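One file, upload_10.cif, is given below (mmCIF, C-alpha atoms and all ligand atoms).
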data_start
#
loop_
_atom_site.label_atom_id
_atom_site.label_comp_id
_atom_site.auth_asym_id
_atom_site.auth_seq_id
_atom_site.Cartn_x
_atom_site.Cartn_y
_atom_site.Cartn_z
CA MET A 330 114.35 14.48 215.51
CA PRO A 331 111.02 13.77 213.74
CA ALA A 332 110.94 12.66 210.08
CA ARG A 333 109.65 16.13 209.18
CA LYS A 334 111.52 18.96 210.90
CA LEU A 335 108.98 21.26 212.54
CA PHE A 336 108.47 24.57 210.75
CA VAL A 337 107.12 27.65 212.55
CA ALA A 338 106.31 30.61 210.29
CA GLY A 339 104.98 34.01 211.25
CA ASN A 340 102.45 35.87 209.16
CA TRP A 341 102.73 39.55 210.00
CA LYS A 342 99.73 40.36 207.77
CA MET A 343 99.45 44.17 207.35
CA ASN A 344 101.67 44.88 210.38
CA PRO A 345 103.62 46.54 211.93
CA ALA A 346 103.01 50.22 211.26
CA ASN A 347 106.42 51.26 209.92
CA VAL A 348 109.76 49.94 208.77
CA GLU A 349 111.53 50.72 212.05
CA ALA A 350 109.04 48.58 213.94
CA ALA A 351 109.48 45.85 211.30
CA ARG A 352 113.26 45.92 211.77
CA ALA A 353 112.90 45.79 215.56
CA LEU A 354 110.46 42.85 215.46
CA ALA A 355 112.67 40.89 213.07
CA ALA A 356 115.76 41.63 215.19
CA GLY A 357 113.97 40.37 218.31
CA VAL A 358 113.15 37.08 216.60
CA ARG A 359 116.63 36.80 215.07
CA ASP A 360 118.33 37.32 218.43
CA GLY A 361 116.08 34.80 220.16
CA VAL A 362 116.53 32.14 217.49
CA GLY A 363 120.30 32.62 217.27
CA THR A 364 121.94 29.88 215.25
CA SER A 365 119.53 27.22 216.46
CA ALA A 366 118.35 24.97 213.65
CA GLU A 367 116.21 22.49 215.62
CA VAL A 368 113.05 24.09 214.28
CA GLU A 369 112.77 25.78 210.88
CA VAL A 370 111.59 29.39 211.21
CA ALA A 371 110.39 31.97 208.65
CA LEU A 372 108.76 35.40 208.75
CA GLY A 373 106.08 36.40 206.23
CA CYS A 374 106.28 40.18 205.93
CA PRO A 375 104.52 42.93 204.00
CA ALA A 376 106.27 43.41 200.66
CA VAL A 377 107.39 46.95 201.47
CA TYR A 378 109.42 45.71 204.45
CA LEU A 379 111.08 42.71 202.80
CA SER A 380 114.31 44.42 201.89
CA ALA A 381 114.80 45.90 205.39
CA VAL A 382 113.88 42.63 207.12
CA SER A 383 116.16 40.70 204.78
CA GLU A 384 119.08 42.87 205.94
CA VAL A 385 118.20 42.22 209.59
CA LEU A 386 117.99 38.46 208.97
CA SER A 387 121.23 38.12 207.01
CA ASP A 388 123.51 35.58 208.75
CA SER A 389 120.49 34.08 210.49
CA PRO A 390 118.86 30.72 209.62
CA ILE A 391 115.43 32.41 209.54
CA GLY A 392 113.66 32.32 206.17
CA LEU A 393 111.84 35.29 204.71
CA GLY A 394 108.49 35.08 202.96
CA GLY A 395 106.19 37.25 200.92
CA GLN A 396 102.48 37.02 201.78
CA ASN A 397 101.27 36.81 198.19
CA MET A 398 102.55 37.09 194.62
CA TYR A 399 101.28 37.11 191.05
CA TRP A 400 101.92 34.31 188.56
CA ALA A 401 103.13 36.32 185.56
CA LYS A 402 106.85 36.99 185.24
CA ASP A 403 106.45 40.67 184.39
CA GLY A 404 104.17 43.03 182.49
CA ALA A 405 101.10 45.21 182.87
CA TYR A 406 99.79 44.01 186.27
CA THR A 407 99.48 47.16 188.32
CA GLY A 408 99.99 46.59 192.02
CA GLU A 409 101.19 43.00 191.69
CA ILE A 410 104.54 41.48 192.64
CA SER A 411 106.28 38.61 190.82
CA ALA A 412 108.15 35.62 192.24
CA SER A 413 111.46 36.95 190.95
CA MET A 414 110.83 40.29 192.67
CA LEU A 415 110.33 38.42 195.96
CA LEU A 416 113.57 36.51 195.38
CA ASP A 417 115.34 39.76 194.60
CA GLN A 418 114.22 41.13 197.99
CA GLY A 419 115.75 38.14 199.77
CA CYS A 420 112.70 35.89 200.05
CA THR A 421 112.99 32.15 200.42
CA HIS A 422 109.26 31.49 200.92
CA VAL A 423 105.86 32.80 199.88
CA ILE A 424 102.50 32.34 201.59
CA LEU A 425 99.79 31.50 199.03
CA GLY A 426 96.02 31.19 199.29
CA HIS A 427 95.72 32.59 202.81
CA SER A 428 92.07 32.60 203.87
CA GLU A 429 92.15 36.40 204.10
CA ARG A 430 92.91 36.36 200.38
CA ARG A 431 90.56 33.50 199.50
CA HIS A 432 87.60 34.85 201.46
CA GLY A 433 88.44 38.54 201.69
CA MET A 434 89.65 39.04 198.13
CA GLY A 435 88.01 36.23 196.21
CA GLU A 436 91.16 34.26 195.41
CA THR A 437 90.29 30.91 193.81
CA ASP A 438 91.99 27.50 193.85
CA GLU A 439 92.81 28.02 190.18
CA GLN A 440 94.61 31.29 190.94
CA VAL A 441 96.44 29.71 193.88
CA ASN A 442 97.52 26.90 191.55
CA LYS A 443 98.94 29.35 189.00
CA LYS A 444 100.80 31.23 191.73
CA LEU A 445 102.10 27.97 193.18
CA LYS A 446 103.51 26.83 189.83
CA ALA A 447 105.16 30.22 189.26
CA ALA A 448 106.66 30.22 192.78
CA LEU A 449 108.10 26.72 192.32
CA GLU A 450 109.48 27.58 188.90
CA ALA A 451 111.26 30.60 190.39
CA GLY A 452 112.71 28.58 193.28
CA LEU A 453 110.59 29.90 196.16
CA TYR A 454 109.23 27.53 198.82
CA PRO A 455 105.46 28.03 198.90
CA ILE A 456 103.27 27.72 202.00
CA VAL A 457 99.82 26.91 200.63
CA CYS A 458 96.94 27.62 203.02
CA LEU A 459 93.60 25.83 203.13
CA GLY A 460 90.77 25.34 205.55
CA GLU A 461 87.03 25.36 206.05
CA THR A 462 84.69 28.09 207.28
CA LEU A 463 82.56 27.66 210.40
CA GLU A 464 79.47 27.07 208.30
CA GLU A 465 81.28 24.37 206.31
CA ARG A 466 82.46 22.65 209.51
CA GLU A 467 79.03 22.81 211.10
CA SER A 468 77.44 21.27 208.03
CA ASP A 469 79.98 18.42 208.12
CA ARG A 470 81.73 19.50 204.93
CA THR A 471 85.26 19.98 206.31
CA GLU A 472 86.77 17.00 204.49
CA ALA A 473 84.98 17.76 201.21
CA VAL A 474 86.11 21.41 201.30
CA VAL A 475 89.71 20.58 202.17
CA ALA A 476 89.84 17.82 199.53
CA ALA A 477 88.55 20.23 196.86
CA GLN A 478 91.08 22.89 197.88
CA LEU A 479 93.89 20.35 197.74
CA GLN A 480 92.81 19.09 194.33
CA GLY A 481 92.41 22.58 192.86
CA SER A 482 95.42 24.26 194.44
CA LEU A 483 97.86 21.42 193.79
CA ALA A 484 96.62 20.40 190.33
CA GLY A 485 99.32 19.30 187.90
CA LEU A 486 102.20 19.18 190.39
CA THR A 487 104.67 16.29 190.23
CA PRO A 488 105.67 14.47 193.45
CA GLU A 489 109.11 16.15 193.18
CA GLU A 490 107.46 19.59 193.09
CA MET A 491 105.12 18.65 195.92
CA ASN A 492 108.12 17.78 198.11
CA LYS A 493 109.00 21.52 198.07
CA VAL A 494 105.53 22.66 199.12
CA VAL A 495 104.46 23.29 202.72
CA LEU A 496 100.73 23.14 203.47
CA ALA A 497 99.04 25.13 206.22
CA TYR A 498 95.72 23.84 207.50
CA GLU A 499 93.98 26.93 208.85
CA PRO A 500 90.33 26.56 209.79
CA VAL A 501 88.90 29.94 208.88
CA TRP A 502 86.85 30.07 212.10
CA ALA A 503 90.07 29.85 214.13
CA ILE A 504 92.05 32.59 212.39
CA GLY A 505 92.37 35.75 214.44
CA THR A 506 89.35 34.76 216.55
CA GLY A 507 91.06 33.37 219.65
CA LYS A 508 89.26 30.05 218.96
CA THR A 509 91.72 27.26 218.33
CA ALA A 510 90.92 23.88 216.86
CA SER A 511 91.44 21.28 219.56
CA PRO A 512 94.50 19.10 219.01
CA GLU A 513 92.11 16.23 218.17
CA GLN A 514 90.19 18.30 215.60
CA ALA A 515 93.41 19.57 214.01
CA GLN A 516 95.12 16.17 214.00
CA ALA A 517 92.10 14.56 212.33
CA VAL A 518 92.17 17.03 209.43
CA HIS A 519 95.97 16.84 209.12
CA ALA A 520 95.75 13.04 208.90
CA PHE A 521 93.03 13.39 206.26
CA ILE A 522 95.21 15.81 204.25
CA ARG A 523 98.14 13.38 204.43
CA LYS A 524 95.89 10.54 203.25
CA LYS A 525 94.80 12.65 200.27
CA LEU A 526 98.43 13.53 199.51
CA GLY A 527 99.23 9.82 199.50
CA GLU A 528 96.46 9.15 196.98
CA ALA A 529 97.58 11.99 194.72
CA PHE A 530 101.37 11.92 195.01
CA GLY A 531 102.29 8.58 196.61
CA GLU A 532 103.10 7.56 200.18
CA LYS A 533 106.72 8.73 200.05
CA THR A 534 105.77 12.31 199.22
CA ALA A 535 102.86 12.25 201.68
CA GLY A 536 105.34 11.29 204.39
CA LEU A 537 107.68 14.17 203.51
CA VAL A 538 105.29 17.12 203.10
CA LYS A 539 105.07 19.40 206.13
CA ILE A 540 101.57 20.40 207.19
CA GLN A 541 101.46 23.40 209.50
CA TYR A 542 98.47 24.23 211.67
CA GLY A 543 97.29 27.83 211.81
CA GLY A 544 94.51 29.49 213.78
CA SER A 545 95.08 31.34 217.05
CA VAL A 546 98.27 29.46 217.92
CA LYS A 547 99.62 31.00 221.13
CA PRO A 548 102.43 30.18 223.56
CA ASP A 549 99.98 28.36 225.84
CA ASN A 550 98.43 26.04 223.23
CA ALA A 551 101.40 25.49 220.90
CA LEU A 552 102.97 22.50 222.62
CA GLU A 553 99.80 20.41 222.58
CA LEU A 554 99.14 21.18 218.92
CA LEU A 555 102.71 20.73 217.75
CA SER A 556 102.99 17.39 219.54
CA CYS A 557 100.30 15.84 217.32
CA PRO A 558 101.79 13.27 214.92
CA ASP A 559 100.64 14.92 211.67
CA ILE A 560 101.13 18.55 212.74
CA ASP A 561 104.54 19.64 211.51
CA GLY A 562 104.62 23.24 212.59
CA ALA A 563 102.52 26.36 212.86
CA LEU A 564 101.57 29.36 210.79
CA VAL A 565 101.19 32.09 213.39
CA GLY A 566 99.37 35.39 212.90
CA GLY A 567 98.59 37.55 215.94
CA ALA A 568 101.10 35.93 218.28
CA CYS A 569 104.03 36.55 215.92
CA LEU A 570 103.77 40.31 216.36
CA LYS A 571 105.45 40.07 219.76
CA ALA A 572 108.91 38.53 219.48
CA ALA A 573 108.63 36.98 222.96
CA ASP A 574 105.39 35.16 222.10
CA PHE A 575 106.68 33.97 218.75
CA LEU A 576 109.89 32.73 220.38
CA ALA A 577 107.83 30.89 223.01
CA ILE A 578 105.99 29.08 220.19
CA ILE A 579 109.34 28.17 218.61
CA GLU A 580 110.47 26.81 221.99
CA ALA A 581 107.28 24.73 222.15
CA GLY A 582 108.23 23.41 218.71
CA LYS A 583 111.64 22.35 220.01
CA LYS A 584 110.02 20.51 222.93
CA ALA A 585 107.50 18.84 220.64
CA SER A 586 110.31 17.78 218.25
CA ALA A 587 112.16 16.10 221.07
CA SER A 588 109.15 13.91 221.83
CA LYS A 589 108.23 12.96 218.23
C1 LIG A 601 97.25 33.48 210.12
O1 LIG A 601 97.35 34.66 209.85
O2 LIG A 601 97.58 32.64 209.28
C2 LIG A 601 96.74 33.09 211.42
C3 LIG A 601 96.62 31.81 211.70
O3 LIG A 601 96.39 34.10 212.29
P1 LIG A 601 96.11 33.95 213.88
O4 LIG A 601 97.30 33.18 214.44
O5 LIG A 601 96.06 35.35 214.37
O6 LIG A 601 94.85 33.21 214.05
#
Show me, as structure tokens, the structure contained in the file I just sent.
Amino acid sequence: MPARKLFVAGNWKMNPANVEAARALAAGVRDGVGTSAEVEVALGCPAVYLSAVSEVLSDSPIGLGGQNMYWAKDGAYTGEISASMLLDQGCTHVILGHSERRHGMGETDEQVNKKLKAALEAGLYPIVCLGETLEERESDRTEAVVAAQLQGSLAGLTPEEMNKVVLAYEPVWAIGTGKTASPEQAQAVHAFIRKKLGEAFGEKTAGLVKIQYGGSVKPDNALELLSCPDIDGALVGGACLKAADFLAIIEAGKKASASK
């Protein structure tokens, strides 16, 4: 077993089309995972399906995540959802700062940081996403961009708080495009992130924090990626919408764990 148990999370995004399909997808994953605990698994679902999916996942080791939340506890924030509302729906996790929110909806590091602090205070396990655009990679700014996102998103956290945070390195150019970072490209950025974590929070915490890779992870590329020393799991979009594909990625995680 590796020092950091591999963690495979699905991000359903704005899918599937109705609650029956959501129940069926969650049941397919639940039945395939069974009671196996070799790899940590969670599903990030649209807020309107959380309660139904939570019922399906009861008695299963699979975690349940929201895909976003707001930092205030309650009040006049039309359309927003608080951390305690996610907990009330059965959530254990919350995805924060996904690139579709950063780039599609203008979410900033400062906002991600406020959400992160509120999630931790409420007792949710946050998955904080970061990653560079194609233009940033091509102009050799990957490390600078990732370092700035880490600094802004994680500002003010103690090492103890950081131990509860999962990071997801998701190069924006690889999300939903079918282009995957090569294992070498991904490993290099993961190692850089861990180095930065060491500088900010100490070596012990840097050694404990899980860093998932995300960006067109599929059954046929998962094993190679998950076998990299600093890649501790995957955040999976498109391929998590078919239970069989998502389960195949979890199986790849089990194989990779055995060799780490
Ligand atoms: C994601 O949604 O975080 C993601 C990585 O999507 P995809 O696997 O489809 O690239």
Checklist entry - Of the candidates A:Val337, A:Val538, A:Cys557, A:Leu483, which shows the shortest atom-to-atom distance to ligand LIG 601 (chain A), using all atoms listed in the file? => result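 Once distances to ligand LIG 601 (chain A) are computed over all atoms listed in the file, the minimum belongs to A:Val337.
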Item to check | Counting only C-alpha atoms, the residue of A:Glu367, A:Glu384, A:Asp561, A:Glu436 that sits nearest Ala353 (chain A) | outcome: A:Glu384
Checklist entry - Could you list, as a PyMOL selection string, all the residues within 7 Å of ligand LIG 601 (chain A), counting all atoms listed in the file? => result chain A and resi 340+342+427+499+503-507+543-546+564-568
Kindly save the residues from that selection, with C-alpha atoms included, as an mmCIF file, in the coordinates of the input.
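So selection04.cif came out as:
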data_model
loop_
_atom_site.group_PDB
_atom_site.id
_atom_site.type_symbol
_atom_site.label_atom_id
_atom_site.label_comp_id
_atom_site.auth_asym_id
_atom_site.auth_seq_id
_atom_site.Cartn_x
_atom_site.Cartn_y
_atom_site.Cartn_z
ATOM 1 C CA ASN A 340 102.450 35.870 209.160
ATOM 2 C CA LYS A 342 99.730 40.360 207.770
ATOM 3 C CA HIS A 427 95.720 32.590 202.810
ATOM 4 C CA GLU A 499 93.980 26.930 208.850
ATOM 5 C CA ALA A 503 90.070 29.850 214.130
ATOM 6 C CA ILE A 504 92.050 32.590 212.390
ATOM 7 C CA GLY A 505 92.370 35.750 214.440
ATOM 8 C CA THR A 506 89.350 34.760 216.550
ATOM 9 C CA GLY A 507 91.060 33.370 219.650
ATOM 10 C CA GLY A 543 97.290 27.830 211.810
ATOM 11 C CA GLY A 544 94.510 29.490 213.780
ATOM 12 C CA SER A 545 95.080 31.340 217.050
ATOM 13 C CA VAL A 546 98.270 29.460 217.920
ATOM 14 C CA LEU A 564 101.570 29.360 210.790
ATOM 15 C CA VAL A 565 101.190 32.090 213.390
ATOM 16 C CA GLY A 566 99.370 35.390 212.900
ATOM 17 C CA GLY A 567 98.590 37.550 215.940
ATOM 18 C CA ALA A 568 101.100 35.930 218.280
#
Item to check | Atom pair CA of Glu472 (chain A) / CA of Phe521 (chain A): separation (Å) | outcome: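 According to the coordinates, CA of Glu472 (chain A) and CA of Phe521 (chain A) are separated by 7.4 Å.
Taking CA of Asp469 (chain A) and CA of Val518 (chain A) as the two end points, the separation is 12.3 Å.
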Checklist entry - Suppose you want the space between CA of Ala338 (chain A) and CA of Lys493 (chain A); what is it in Å? => result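 Between CA of Ala338 (chain A) and CA of Lys493 (chain A) the gap works out to 15.5 Å.
Closest approach to Ala350 (chain A) among A:Val385, A:Met434, A:Ala476, A:Met398: A:Val385, based on all atoms listed in the file.
Compared by their closest atoms to Leu335 (chain A), and using only C-alpha atoms, the residues A:Asn492, A:Gln516, A:Glu369, A:Leu354 rank with A:Glu369 nearest.
Closest approach to Lys583 (chain A) from the set A:Ser482, A:Ser556, A:Asn550, A:Thr407 is made by A:Ser556, with distances taken over all atoms listed in the file.
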Checklist entry - Which is closest to Ser389 (chain A) among A:Asn344, A:Cys374, A:Ser411, A:Gly361, if we use all atoms listed in the file? => result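 With all atoms listed in the file as the atom set, the closest residue is A:Gly361.
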Please identify all polymer residues lying at most 6 Å from the point (102.0, 34.0, 204.5) (file coordinates), using all atoms listed in the file, and present the result as a compact mmCIF listing (two decimals) with C-alpha atoms, keeping the file's coordinate frame.
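Listed below is the output, selection21.txt:
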# COMPACT_ATOMS: atom_id res chain seq x y z
CA ASN A 340 102.45 35.87 209.16
CA GLY A 373 106.08 36.40 206.23
CA GLN A 396 102.48 37.02 201.78
CA ILE A 424 102.50 32.34 201.59
Item to check | Exercise: Lys524 (chain A) partners within 12 Å, all atoms listed in the file, chain neighbours under 2 positions left out, as a list in words | outcome: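 Listed by chain and then number, they are Glu472, Val475, Ala476, Leu479, Ala517, Val518, His519, Ala520, Phe521, Ile522, Leu526, Gly527, Glu528, Ala529, Phe530, Gly531, Glu532, Lys533, Thr534, Ala535, Gly536, Val538 and Asp559 of chain A.
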Checklist entry - Residues at most 8 Å from Lys539 (chain A), counting only C-alpha atoms, excluding those fewer than 5 positions away in the same chain, as a ChimeraX atom specification? => result /A:333,335-336,494-496,560-562
